[in-house]
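Structure file model-v4.pdb with PDB, C-alpha atoms:
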```
ATOM      1  CA  MET Y  20     -12.878   5.647  51.255
ATOM      2  CA  LEU Y  21     -13.909   2.032  51.324
ATOM      3  CA  VAL Y  22     -13.837   0.277  47.955
ATOM      4  CA  LEU Y  23     -15.854  -2.929  47.558
ATOM      5  CA  THR Y  24     -16.275  -5.279  44.622
ATOM      6  CA  ARG Y  25     -19.761  -6.651  44.015
ATOM      7  CA  LYS Y  26     -21.466  -8.812  41.404
ATOM      8  CA  GLU Y  27     -24.928  -8.446  39.914
ATOM      9  CA  ASN Y  28     -27.695  -9.028  42.458
ATOM     10  CA  GLU Y  29     -25.355  -8.584  45.375
ATOM     11  CA  LYS Y  30     -25.995  -5.927  47.976
ATOM     12  CA  ILE Y  31     -24.234  -3.519  50.243
ATOM     13  CA  ARG Y  32     -25.646  -2.498  53.576
ATOM     14  CA  ILE Y  33     -24.798   0.875  55.071
ATOM     15  CA  GLY Y  34     -25.751   1.117  58.722
ATOM     16  CA  LYS Y  35     -28.958  -0.513  59.829
ATOM     17  CA  ASP Y  36     -31.354   1.192  57.425
ATOM     18  CA  VAL Y  37     -29.704   1.588  54.022
ATOM     19  CA  VAL Y  38     -29.249  -1.188  51.475
ATOM     20  CA  ILE Y  39     -27.771  -0.754  48.002
ATOM     21  CA  ASN Y  40     -28.779  -3.406  45.450
ATOM     22  CA  ILE Y  41     -26.640  -3.946  42.371
ATOM     23  CA  PHE Y  42     -29.369  -4.859  39.880
ATOM     24  CA  SER Y  43     -27.521  -5.075  36.609
ATOM     25  CA  ILE Y  44     -24.196  -4.191  35.101
ATOM     26  CA  SER Y  45     -23.624  -3.392  31.480
ATOM     27  CA  GLU Y  46     -20.711  -1.932  29.605
ATOM     28  CA  ASN Y  47     -21.420   1.725  30.354
ATOM     29  CA  ASN Y  48     -23.650   1.789  33.358
ATOM     30  CA  ILE Y  49     -24.912  -0.055  36.349
ATOM     31  CA  LYS Y  50     -28.439  -0.071  37.652
ATOM     32  CA  ILE Y  51     -28.721   0.180  41.416
ATOM     33  CA  GLY Y  52     -31.637   0.111  43.781
ATOM     34  CA  ILE Y  53     -31.477   1.950  47.062
ATOM     35  CA  GLU Y  54     -33.562   1.102  50.088
ATOM     36  CA  ALA Y  55     -33.453   3.858  52.664
ATOM     37  CA  PRO Y  56     -35.737   5.584  55.157
ATOM     38  CA  ARG Y  57     -37.810   8.426  53.697
ATOM     39  CA  ASP Y  58     -35.806  11.093  55.457
ATOM     40  CA  VAL Y  59     -32.598  10.022  53.740
ATOM     41  CA  LYS Y  60     -32.262  12.288  50.710
ATOM     42  CA  ILE Y  61     -30.897  10.551  47.644
ATOM     43  CA  PHE Y  62     -29.383  12.493  44.768
ATOM     44  CA  ARG Y  63     -27.363  11.958  41.683
ATOM     45  CA  GLU Y  64     -24.219  13.688  42.913
ATOM     46  CA  GLU Y  65     -23.919  16.133  40.009
ATOM     47  CA  ILE Y  66     -27.498  17.306  40.575
ATOM     48  CA  TYR Y  67     -26.896  17.879  44.278
ATOM     49  CA  GLN Y  68     -23.792  19.875  43.410
ATOM     50  CA  SER Y  69     -25.615  21.982  40.823
ATOM     51  CA  ILE Y  70     -28.440  22.770  43.281
ATOM     52  CA  LYS Y  71     -25.914  23.704  45.947
ATOM     53  CA  GLU Y  72     -23.880  25.836  43.573
ATOM     54  CA  HIS Y  73     -26.969  27.662  42.286
ATOM     55  CA  ALA Y  74     -28.066  28.467  45.851
ATOM     56  CA  LYS Y  75     -24.579  29.576  46.804
ATOM     57  CA  GLN Y  76     -24.452  31.954  43.875
ATOM     58  CA  ALA Y  77     -27.998  33.098  44.676
ATOM     59  CA  THR Y  78     -26.938  34.396  48.078
ATOM     60  CA  VAL Y  79     -23.696  35.912  46.769
ATOM     61  CA  ASN Y  80     -25.059  37.517  43.591
ATOM     62  CA  ARG Y  81     -27.965  39.337  45.249
ATOM     63  CA  LYS Y  82     -25.460  41.651  46.923
ATOM     64  CA  LYS Y  83     -24.101  42.726  43.558
ATOM     65  CA  VAL Y  84     -27.460  43.656  42.104
ATOM     66  CA  LEU Y  85     -29.219  45.341  45.026
ATOM     67  CA  GLY Y  86     -31.502  48.026  43.723
ATOM     68  CA  THR Y  87     -31.712  46.559  40.230
ATOM     69  CA  ASN Y  88     -35.284  46.873  39.069
ATOM     70  CA  TYR Y  89     -36.479  43.719  37.388
ATOM     71  CA  LYS Y  90     -40.127  44.617  37.589
ATOM     72  CA  ALA Y  91     -40.485  45.905  34.077
ATOM     73  CA  LEU Y  92     -39.272  42.615  32.629
ATOM     74  CA  LYS Y  93     -41.539  39.995  31.206
ATOM     75  CA  LEU Y  94     -41.660  36.706  33.073
ATOM     76  CA  ASN Y  95     -40.748  33.527  31.261
ATOM     77  CA  LYS Y  96     -43.949  31.628  31.995
ATOM     78  CA  ILE Y  97     -43.839  27.872  32.001
ATOM     79  CA  ILE Y  98     -45.939  26.588  29.163
ATOM     80  CA  GLU Y  99     -47.055  23.048  29.577
ATOM     81  CA  ASN Y 100     -47.333  21.184  26.344
ATOM     82  CA  ALA Y 101     -49.809  18.784  27.814
ATOM     83  CA  GLU Y 102     -51.975  18.110  24.815
ATOM     84  CA  LYS Y 103     -49.708  16.487  22.311
TER      85      LYS Y 103
ATOM     86  CA  MET L  20     -35.216  38.991  68.907
ATOM     87  CA  LYS L  21     -32.928  40.510  66.367
ATOM     88  CA  ILE L  22     -30.361  39.798  63.729
ATOM     89  CA  GLN L  23     -28.341  42.106  61.561
ATOM     90  CA  ASN L  24     -27.070  41.963  58.031
ATOM     91  CA  GLU L  25     -25.810  44.204  55.289
ATOM     92  CA  GLN L  26     -28.927  44.101  53.142
ATOM     93  CA  PHE L  27     -31.563  44.918  55.756
ATOM     94  CA  GLY L  28     -29.580  46.348  58.661
ATOM     95  CA  GLU L  29     -31.084  45.457  62.007
ATOM     96  CA  ILE L  30     -34.058  43.126  61.786
ATOM     97  CA  ASN L  31     -36.351  42.827  64.784
ATOM     98  CA  PHE L  32     -38.634  39.839  64.744
ATOM     99  CA  GLU L  33     -40.967  37.823  66.901
ATOM    100  CA  GLU L  34     -40.150  34.216  67.538
ATOM    101  CA  ASN L  35     -43.457  33.164  65.971
ATOM    102  CA  SER L  36     -42.432  34.610  62.605
ATOM    103  CA  VAL L  37     -39.530  32.166  62.275
ATOM    104  CA  ILE L  38     -39.967  29.627  59.479
ATOM    105  CA  LYS L  39     -38.531  26.279  60.435
ATOM    106  CA  PHE L  40     -36.834  24.052  57.892
ATOM    107  CA  ASP L  41     -36.222  20.866  59.861
ATOM    108  CA  GLU L  42     -33.887  19.518  57.205
ATOM    109  CA  GLY L  43     -32.378  22.791  56.056
ATOM    110  CA  LEU L  44     -31.856  23.471  52.372
ATOM    111  CA  PHE L  45     -29.832  21.364  49.950
ATOM    112  CA  GLY L  46     -26.213  22.355  50.375
ATOM    113  CA  PHE L  47     -27.117  24.343  53.495
ATOM    114  CA  GLU L  48     -28.468  21.551  55.667
ATOM    115  CA  GLU L  49     -27.221  23.134  58.884
ATOM    116  CA  LEU L  50     -29.428  26.222  58.461
ATOM    117  CA  LYS L  51     -32.841  25.426  59.925
ATOM    118  CA  GLU L  52     -34.433  28.763  60.777
ATOM    119  CA  PHE L  53     -35.301  31.551  58.394
ATOM    120  CA  LEU L  54     -37.229  34.780  58.155
ATOM    121  CA  LEU L  55     -39.218  35.484  55.013
ATOM    122  CA  ILE L  56     -38.780  39.155  54.264
ATOM    123  CA  SER L  57     -40.839  40.962  51.669
ATOM    124  CA  GLU L  58     -40.557  44.500  50.373
ATOM    125  CA  ASP L  59     -43.353  46.790  49.200
ATOM    126  CA  GLU L  60     -42.113  47.211  45.690
ATOM    127  CA  GLY L  61     -39.961  44.128  45.344
ATOM    128  CA  LEU L  62     -40.345  41.262  42.944
ATOM    129  CA  PHE L  63     -38.688  38.779  45.285
ATOM    130  CA  LEU L  64     -39.045  37.507  48.804
ATOM    131  CA  TRP L  65     -35.861  37.143  50.815
ATOM    132  CA  LEU L  66     -35.370  33.917  52.715
ATOM    133  CA  THR L  67     -32.980  35.068  55.393
ATOM    134  CA  SER L  68     -31.051  32.699  57.622
ATOM    135  CA  ILE L  69     -31.247  33.461  61.319
ATOM    136  CA  ASP L  70     -28.104  31.487  62.126
ATOM    137  CA  GLU L  71     -26.091  33.094  59.319
ATOM    138  CA  PRO L  72     -27.834  36.413  58.602
ATOM    139  CA  GLU L  73     -25.608  37.183  55.628
ATOM    140  CA  ILE L  74     -27.024  34.143  53.885
ATOM    141  CA  ILE L  75     -30.140  35.365  52.107
ATOM    142  CA  PHE L  76     -31.831  33.544  49.246
ATOM    143  CA  PRO L  77     -34.012  35.551  46.886
ATOM    144  CA  ILE L  78     -37.066  33.419  46.155
ATOM    145  CA  PHE L  79     -39.949  33.761  43.723
ATOM    146  CA  SER L  80     -43.361  32.110  43.771
ATOM    147  CA  ILE L  81     -43.472  29.370  41.142
ATOM    148  CA  ASN L  82     -47.264  29.724  41.037
ATOM    149  CA  VAL L  83     -46.746  32.989  39.184
ATOM    150  CA  LEU L  84     -44.863  31.142  36.443
ATOM    151  CA  GLN L  85     -47.079  28.096  36.312
ATOM    152  CA  GLU L  86     -50.649  27.862  37.518
ATOM    153  CA  LYS L  87     -50.800  24.289  38.641
ATOM    154  CA  PHE L  88     -47.397  23.580  40.039
ATOM    155  CA  GLU L  89     -47.847  20.590  42.288
ATOM    156  CA  SER L  90     -47.592  21.205  46.006
ATOM    157  CA  LYS L  91     -49.025  19.994  49.260
ATOM    158  CA  GLU L  92     -52.066  21.864  50.491
ATOM    159  CA  SER L  93     -51.250  25.182  52.160
ATOM    160  CA  PHE L  94     -47.605  24.988  51.088
ATOM    161  CA  GLU L  95     -46.611  27.469  48.402
ATOM    162  CA  PRO L  96     -43.834  26.529  45.979
ATOM    163  CA  PHE L  97     -40.952  28.955  45.583
ATOM    164  CA  GLY L  98     -37.778  28.777  43.550
ATOM    165  CA  ILE L  99     -34.406  30.079  44.665
ATOM    166  CA  VAL L 100     -33.352  32.802  42.255
ATOM    167  CA  LYS L 101     -29.823  33.477  41.110
ATOM    168  CA  LEU L 102     -29.814  37.159  40.272
ATOM    169  CA  ASP L 103     -27.580  38.794  37.717
ATOM    170  CA  LYS L 104     -27.076  42.258  36.267
ATOM    171  CA  GLU L 105     -28.058  40.818  32.908
ATOM    172  CA  PRO L 106     -31.732  39.822  33.109
ATOM    173  CA  GLU L 107     -31.231  36.923  30.694
ATOM    174  CA  ASN L 108     -28.840  35.357  33.195
ATOM    175  CA  VAL L 109     -31.319  35.453  36.085
ATOM    176  CA  THR L 110     -32.349  31.869  36.767
ATOM    177  CA  ILE L 111     -34.799  30.136  39.084
ATOM    178  CA  ASN L 112     -34.332  26.623  40.431
ATOM    179  CA  LEU L 113     -37.367  24.522  39.504
ATOM    180  CA  LYS L 114     -35.653  21.209  40.154
ATOM    181  CA  ALA L 115     -35.514  21.707  43.902
ATOM    182  CA  PRO L 116     -38.405  23.990  44.865
ATOM    183  CA  VAL L 117     -38.723  25.354  48.371
ATOM    184  CA  PHE L 118     -42.195  24.788  49.814
ATOM    185  CA  ILE L 119     -43.339  27.169  52.526
ATOM    186  CA  ASN L 120     -46.395  27.170  54.739
ATOM    187  CA  GLN L 121     -46.627  30.762  55.909
ATOM    188  CA  VAL L 122     -49.359  30.028  58.436
ATOM    189  CA  GLU L 123     -47.675  27.138  60.185
ATOM    190  CA  LYS L 124     -44.232  28.652  59.583
ATOM    191  CA  LYS L 125     -42.783  25.511  58.128
ATOM    192  CA  GLY L 126     -40.690  24.903  55.068
ATOM    193  CA  TYR L 127     -38.954  22.139  53.218
ATOM    194  CA  GLN L 128     -37.131  21.589  49.964
ATOM    195  CA  LYS L 129     -37.877  18.751  47.601
ATOM    196  CA  LEU L 130     -36.071  17.347  44.598
ATOM    197  CA  ILE L 131     -38.222  16.953  41.502
ATOM    198  CA  ASP L 132     -36.290  14.384  39.577
ATOM    199  CA  ASN L 133     -37.349  14.808  35.979
ATOM    200  CA  GLU L 134     -35.804  16.377  32.934
ATOM    201  CA  SER L 135     -38.309  19.181  32.444
ATOM    202  CA  ASN L 136     -37.541  20.749  35.817
ATOM    203  CA  VAL L 137     -34.138  22.382  35.612
ATOM    204  CA  VAL L 138     -31.902  24.064  38.171
ATOM    205  CA  ASP L 139     -31.361  27.147  36.033
ATOM    206  CA  TYR L 140     -34.653  28.044  34.375
ATOM    207  CA  PRO L 141     -34.472  31.595  32.932
ATOM    208  CA  LEU L 142     -36.860  33.743  34.973
ATOM    209  CA  PHE L 143     -37.331  36.408  32.332
ATOM    210  CA  ALA L 144     -38.489  36.007  28.763
ATOM    211  CA  ASN L 145     -36.226  37.178  25.976
ATOM    212  CA  LYS L 146     -38.227  40.293  25.116
TER     213      LYS L 146
END
```
Could you render the structure as C-alpha coordinates?
Amino acid sequence: MLVLTRKENEKIRIGKDVVINIFSISENNIKIGIEAPRDVKIFREEIYQSIKEHAKQATVNRKKVLGTNYKALKLNKIIENAEK
Amino acid sequence: MKIQNEQFGEINFEENSVIKFDEGLFGFEELKEFLLISEDEGLFLWLTSIDEPEIIFPIFSINVLQEKFESKESFEPFGIVKLDKEPENVTINLKAPVFINQVEKKGYQKLIDNESNVVDYPLFANK
(Lines of atoms letter the chains of each structure in order from A and count residues from 1; the text may use other names and numbers.)
(Lines give C-alpha, C1' and ligand atoms only; values in the text may rest on other atoms or scores of the structure.)
Protein backbone atom coordinates (compact mmCIF):
# COMPACT_ATOMS: atom_id res chain seq x y z
CA MET A 1 0.00 0.00 0.00
CA LEU A 2 1.15 3.48 -0.85
CA VAL A 3 0.60 6.06 1.88
CA LEU A 4 0.62 9.74 0.90
CA THR A 5 0.21 12.89 2.96
CA ARG A 6 -1.89 15.66 1.44
CA LYS A 7 -3.19 19.06 2.53
CA GLU A 8 -6.57 20.64 1.87
CA ASN A 9 -7.13 21.40 -1.81
CA GLU A 10 -4.35 19.11 -2.91
CA LYS A 11 -5.02 16.24 -5.26
CA ILE A 12 -3.97 12.73 -6.02
CA ARG A 13 -4.03 11.32 -9.50
CA ILE A 14 -4.49 7.61 -10.07
CA GLY A 15 -3.67 6.57 -13.61
CA LYS A 16 -4.66 8.89 -16.41
CA ASP A 17 -8.37 9.19 -15.64
CA VAL A 18 -8.90 9.32 -11.88
CA VAL A 19 -8.28 12.35 -9.68
CA ILE A 20 -8.99 12.54 -5.96
CA ASN A 21 -9.49 16.05 -4.56
CA ILE A 22 -9.04 16.67 -0.85
CA PHE A 23 -11.67 19.37 -0.35
CA SER A 24 -11.68 19.90 3.37
CA ILE A 25 -10.40 18.31 6.52
CA SER A 26 -12.02 18.59 9.89
CA GLU A 27 -11.50 16.80 13.15
CA ASN A 28 -13.58 13.71 12.36
CA ASN A 29 -13.88 13.56 8.63
CA ILE A 30 -12.50 14.65 5.34
CA LYS A 31 -14.48 15.65 2.30
CA ILE A 32 -13.12 14.30 -0.96
CA GLY A 33 -14.14 14.75 -4.55
CA ILE A 34 -13.51 12.03 -7.07
CA GLU A 35 -13.22 12.59 -10.79
CA ALA A 36 -13.41 9.34 -12.70
CA PRO A 37 -14.85 7.96 -15.93
CA ARG A 38 -18.49 6.86 -15.70
CA ASP A 39 -17.62 3.19 -15.88
CA VAL A 40 -15.50 3.38 -12.74
CA LYS A 41 -17.79 2.32 -9.91
CA ILE A 42 -17.28 4.27 -6.71
CA PHE A 43 -18.47 2.95 -3.37
CA ARG A 44 -18.11 3.62 0.28
CA GLU A 45 -16.17 0.47 1.11
CA GLU A 46 -18.52 -0.77 3.83
CA ILE A 47 -21.48 -0.52 1.45
CA TYR A 48 -19.67 -2.48 -1.25
CA GLN A 49 -18.84 -5.15 1.31
CA SER A 50 -22.42 -5.35 2.57
CA ILE A 51 -23.78 -5.70 -0.99
CA LYS A 52 -21.23 -8.40 -1.74
CA GLU A 53 -21.92 -10.25 1.48
CA HIS A 54 -25.69 -10.14 0.95
CA ALA A 55 -25.30 -11.56 -2.57
CA LYS A 56 -22.91 -14.23 -1.36
CA GLN A 57 -25.37 -15.34 1.29
CA ALA A 58 -28.18 -15.15 -1.28
CA THR A 59 -26.55 -17.82 -3.43
CA VAL A 60 -25.57 -19.98 -0.46
CA ASN A 61 -28.82 -19.75 1.52
CA ARG A 62 -31.13 -20.68 -1.36
CA LYS A 63 -29.75 -24.22 -1.22
CA LYS A 64 -30.84 -24.57 2.39
CA VAL A 65 -34.42 -23.53 1.79
CA LEU A 66 -35.25 -25.22 -1.51
CA GLY A 67 -38.89 -26.16 -1.53
CA THR A 68 -39.86 -23.67 1.16
CA ASN A 69 -43.14 -22.11 0.16
CA TYR A 70 -43.13 -18.38 0.70
CA LYS A 71 -46.16 -17.75 -1.44
CA ALA A 72 -48.67 -17.54 1.36
CA LEU A 73 -46.73 -14.74 3.03
CA LYS A 74 -47.66 -11.12 2.80
CA LEU A 75 -45.21 -8.89 0.98
CA ASN A 76 -43.71 -5.94 2.80
CA LYS A 77 -44.73 -3.27 0.30
CA ILE A 78 -42.70 -0.11 0.13
CA ILE A 79 -44.84 2.77 1.24
CA GLU A 80 -43.63 6.10 0.06
CA ASN A 81 -44.32 8.87 2.48
CA ALA A 82 -44.22 11.43 -0.26
CA GLU A 83 -46.79 13.87 0.98
CA LYS A 84 -45.43 15.17 4.22
CA MET B 1 -25.60 -25.31 -25.03
CA LYS B 2 -25.86 -26.68 -21.56
CA ILE B 3 -24.81 -26.24 -17.99
CA GLN B 4 -25.51 -28.30 -14.93
CA ASN B 5 -26.10 -27.52 -11.31
CA GLU B 6 -27.57 -29.03 -8.20
CA GLN B 7 -30.75 -26.97 -8.15
CA PHE B 8 -31.92 -27.48 -11.74
CA GLY B 9 -29.91 -30.46 -12.96
CA GLU B 10 -29.04 -30.20 -16.62
CA ILE B 11 -30.10 -26.94 -18.23
CA ASN B 12 -30.27 -26.76 -22.01
CA PHE B 13 -30.40 -23.28 -23.42
CA GLU B 14 -30.08 -21.33 -26.63
CA GLU B 15 -27.33 -18.79 -26.92
CA ASN B 16 -29.90 -16.05 -27.52
CA SER B 17 -31.41 -16.58 -24.07
CA VAL B 18 -28.18 -15.55 -22.34
CA ILE B 19 -28.44 -12.28 -20.41
CA LYS B 20 -25.23 -10.32 -20.61
CA PHE B 21 -23.99 -8.26 -17.69
CA ASP B 22 -21.01 -6.44 -19.18
CA GLU B 23 -19.80 -5.35 -15.76
CA GLY B 24 -20.92 -8.37 -13.77
CA LEU B 25 -22.54 -7.94 -10.39
CA PHE B 26 -21.07 -6.15 -7.38
CA GLY B 27 -18.76 -8.60 -5.66
CA PHE B 28 -19.04 -10.96 -8.63
CA GLU B 29 -17.60 -8.76 -11.35
CA GLU B 30 -16.07 -11.68 -13.23
CA LEU B 31 -19.47 -13.28 -13.92
CA LYS B 32 -20.88 -11.71 -17.08
CA GLU B 33 -23.38 -14.20 -18.47
CA PHE B 34 -26.53 -15.44 -16.81
CA LEU B 35 -29.71 -17.34 -17.48
CA LEU B 36 -32.94 -16.10 -15.94
CA ILE B 37 -34.86 -19.16 -14.85
CA SER B 38 -38.46 -19.01 -13.73
CA GLU B 39 -40.67 -21.71 -12.29
CA ASP B 40 -44.42 -22.15 -12.73
CA GLU B 41 -45.31 -21.85 -9.10
CA GLY B 42 -42.30 -19.97 -7.81
CA LEU B 43 -42.18 -16.57 -6.20
CA PHE B 44 -38.63 -15.90 -7.37
CA LEU B 45 -36.65 -15.84 -10.57
CA TRP B 46 -33.24 -17.47 -10.49
CA LEU B 47 -30.36 -15.55 -11.99
CA THR B 48 -28.01 -18.38 -12.82
CA SER B 49 -24.38 -17.88 -13.74
CA ILE B 50 -23.26 -19.67 -16.87
CA ASP B 51 -19.58 -19.52 -15.91
CA GLU B 52 -20.21 -20.77 -12.37
CA PRO B 53 -23.52 -22.66 -12.54
CA GLU B 54 -23.64 -23.23 -8.79
CA ILE B 55 -23.88 -19.49 -8.31
CA ILE B 56 -27.58 -18.69 -8.50
CA PHE B 57 -29.15 -15.51 -7.17
CA PRO B 58 -32.84 -15.56 -6.30
CA ILE B 59 -34.28 -12.27 -7.52
CA PHE B 60 -37.65 -10.59 -7.08
CA SER B 61 -39.26 -7.82 -9.12
CA ILE B 62 -39.10 -4.57 -7.16
CA ASN B 63 -42.09 -3.31 -9.16
CA VAL B 64 -44.24 -5.69 -7.14
CA LEU B 65 -43.14 -3.96 -3.93
CA GLN B 66 -43.24 -0.43 -5.23
CA GLU B 67 -45.17 0.81 -8.23
CA LYS B 68 -42.93 3.54 -9.46
CA PHE B 69 -39.45 2.32 -8.77
CA GLU B 70 -37.22 4.30 -11.07
CA SER B 71 -35.68 2.44 -13.98
CA LYS B 72 -34.64 2.97 -17.54
CA GLU B 73 -37.27 2.19 -20.14
CA SER B 74 -37.64 -1.52 -20.87
CA PHE B 75 -35.37 -2.47 -17.97
CA GLU B 76 -37.14 -4.09 -15.04
CA PRO B 77 -35.72 -3.60 -11.55
CA PHE B 78 -35.06 -6.70 -9.47
CA GLY B 79 -33.57 -7.16 -6.03
CA ILE B 80 -31.29 -9.99 -5.01
CA VAL B 81 -33.01 -11.94 -2.26
CA LYS B 82 -31.31 -13.56 0.69
CA LEU B 83 -33.59 -16.43 1.61
CA ASP B 84 -33.95 -17.87 5.07
CA LYS B 85 -36.03 -20.55 6.76
CA GLU B 86 -37.51 -17.82 8.92
CA PRO B 87 -39.58 -15.55 6.65
CA GLU B 88 -38.80 -12.48 8.76
CA ASN B 89 -35.12 -12.94 7.91
CA VAL B 90 -35.68 -12.98 4.15
CA THR B 91 -34.27 -9.73 2.79
CA ILE B 92 -34.11 -8.03 -0.59
CA ASN B 93 -31.34 -5.67 -1.66
CA LEU B 94 -32.88 -2.35 -2.71
CA LYS B 95 -29.63 -0.43 -2.49
CA ALA B 96 -28.10 -2.15 -5.50
CA PRO B 97 -30.95 -3.26 -7.76
CA VAL B 98 -30.32 -5.45 -10.76
CA PHE B 99 -31.90 -4.05 -13.92
CA ILE B 100 -32.75 -6.52 -16.66
CA ASN B 101 -33.98 -6.02 -20.20
CA GLN B 102 -35.48 -9.38 -21.08
CA VAL B 103 -35.96 -8.50 -24.74
CA GLU B 104 -32.45 -7.29 -25.43
CA LYS B 105 -31.00 -9.77 -22.93
CA LYS B 106 -28.97 -7.19 -21.10
CA GLY B 107 -28.50 -6.50 -17.44
CA TYR B 108 -26.64 -4.22 -15.11
CA GLN B 109 -26.49 -3.41 -11.43
CA LYS B 110 -26.63 0.10 -10.06
CA LEU B 111 -25.93 1.56 -6.65
CA ILE B 112 -28.68 3.79 -5.30
CA ASP B 113 -26.81 5.84 -2.78
CA ASN B 114 -29.42 7.10 -0.36
CA GLU B 115 -30.48 6.15 3.12
CA SER B 116 -33.97 4.93 2.30
CA ASN B 117 -32.71 2.16 0.03
CA VAL B 118 -31.17 -0.53 2.19
CA VAL B 119 -29.27 -3.72 1.40
CA ASP B 120 -31.43 -5.86 3.67
CA TYR B 121 -35.04 -4.75 3.27
CA PRO B 122 -37.39 -7.37 4.78
CA LEU B 123 -39.33 -8.92 1.89
CA PHE B 124 -42.24 -10.13 3.98
CA ALA B 125 -44.47 -8.14 6.27
CA ASN B 126 -44.69 -9.12 9.91
CA LYS B 127 -48.14 -10.69 9.70
inquiry  = For this structure, which residues satisfy the selection - the ChimeraX specification (/Y :<7) & /L - when it is evaluated on the file as given? I want them as JSON, numbers by chain.
reply    = {"L": [45, 46, 62, 74, 75, 76, 77, 84, 85, 99, 100, 101, 102, 103, 104, 138, 141, 142, 143, 144, 146]}
For range 69-80 of chain Y, what centre and edge lengths in Å (one decimal) does the axis-aligned box get once 3 Å is added on each side of all its listed atoms, as JSON?
```
{"center_x": -26.1, "center_y": 29.7, "center_z": 44.5, "size_x": 10.7, "size_y": 21.5, "size_z": 13.3}
```
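Between CA of Leu55 in chain L and CA of Met20 in chain L the separation is 14.9 Å.
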Shell around range 21-31 of chain L at 8 Å using all atoms listed in the file, local window under 4 positions removed, as an mmCIF file with C-alpha atoms, keeping the file's coordinate frame:
```cif
data_model
loop_
_atom_site.group_PDB
_atom_site.id
_atom_site.type_symbol
_atom_site.label_atom_id
_atom_site.label_comp_id
_atom_site.auth_asym_id
_atom_site.auth_seq_id
_atom_site.Cartn_x
_atom_site.Cartn_y
_atom_site.Cartn_z
ATOM 1 C CA LYS Y 82 -25.460 41.651 46.923
ATOM 2 C CA ILE L 69 -31.247 33.461 61.319
ATOM 3 C CA PRO L 72 -27.834 36.413 58.602
ATOM 4 C CA GLU L 73 -25.608 37.183 55.628
#
```
remark   = Using all atoms listed in the file, the shortest atom-to-atom distance to Asn28 in chain Y among Y:Ile51, Y:Ser45, Y:Val59, Y:Glu64 belongs to Y:Ile51
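Our summary of the geometry notes that CA of Ser36 in chain L is positioned 14.7 Å from CA of Asp70 in chain L.
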Nearest residue to Glu42 in chain L from the set L:Val117, L:Ile81, L:Val109, L:Leu64 (distances using only C-alpha atoms) = L:Val117
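Going from CA of Glu86 in chain L to CA of Phe118 in chain L covers 15.2 Å.
When the PyMOL selection byres ((chain Y and resi 36) around 12) is evaluated against the file, it yields Ile31, Arg32, Ile33, Gly34, Lys35, Val37, Val38, Ile39, Ile53, Glu54, Ala55, Pro56, Arg57, Asp58 and Val59 of chain Y.
When the PyMOL selection byres ((chain L and resi 120) around 9) is evaluated on the file shown here, the picked residues come out as Ile38, Glu92, Ser93, Phe94, Glu95, Phe118, Ile119, Gln121, Val122, Glu123, Lys124, Lys125 and Gly126 of chain L.
For the set L:Glu134, L:Glu49, L:Asp139, L:Glu34, the residue with the smallest atom-to-atom gap to Asn112 in chain L is L:Asp139, counting only C-alpha atoms.
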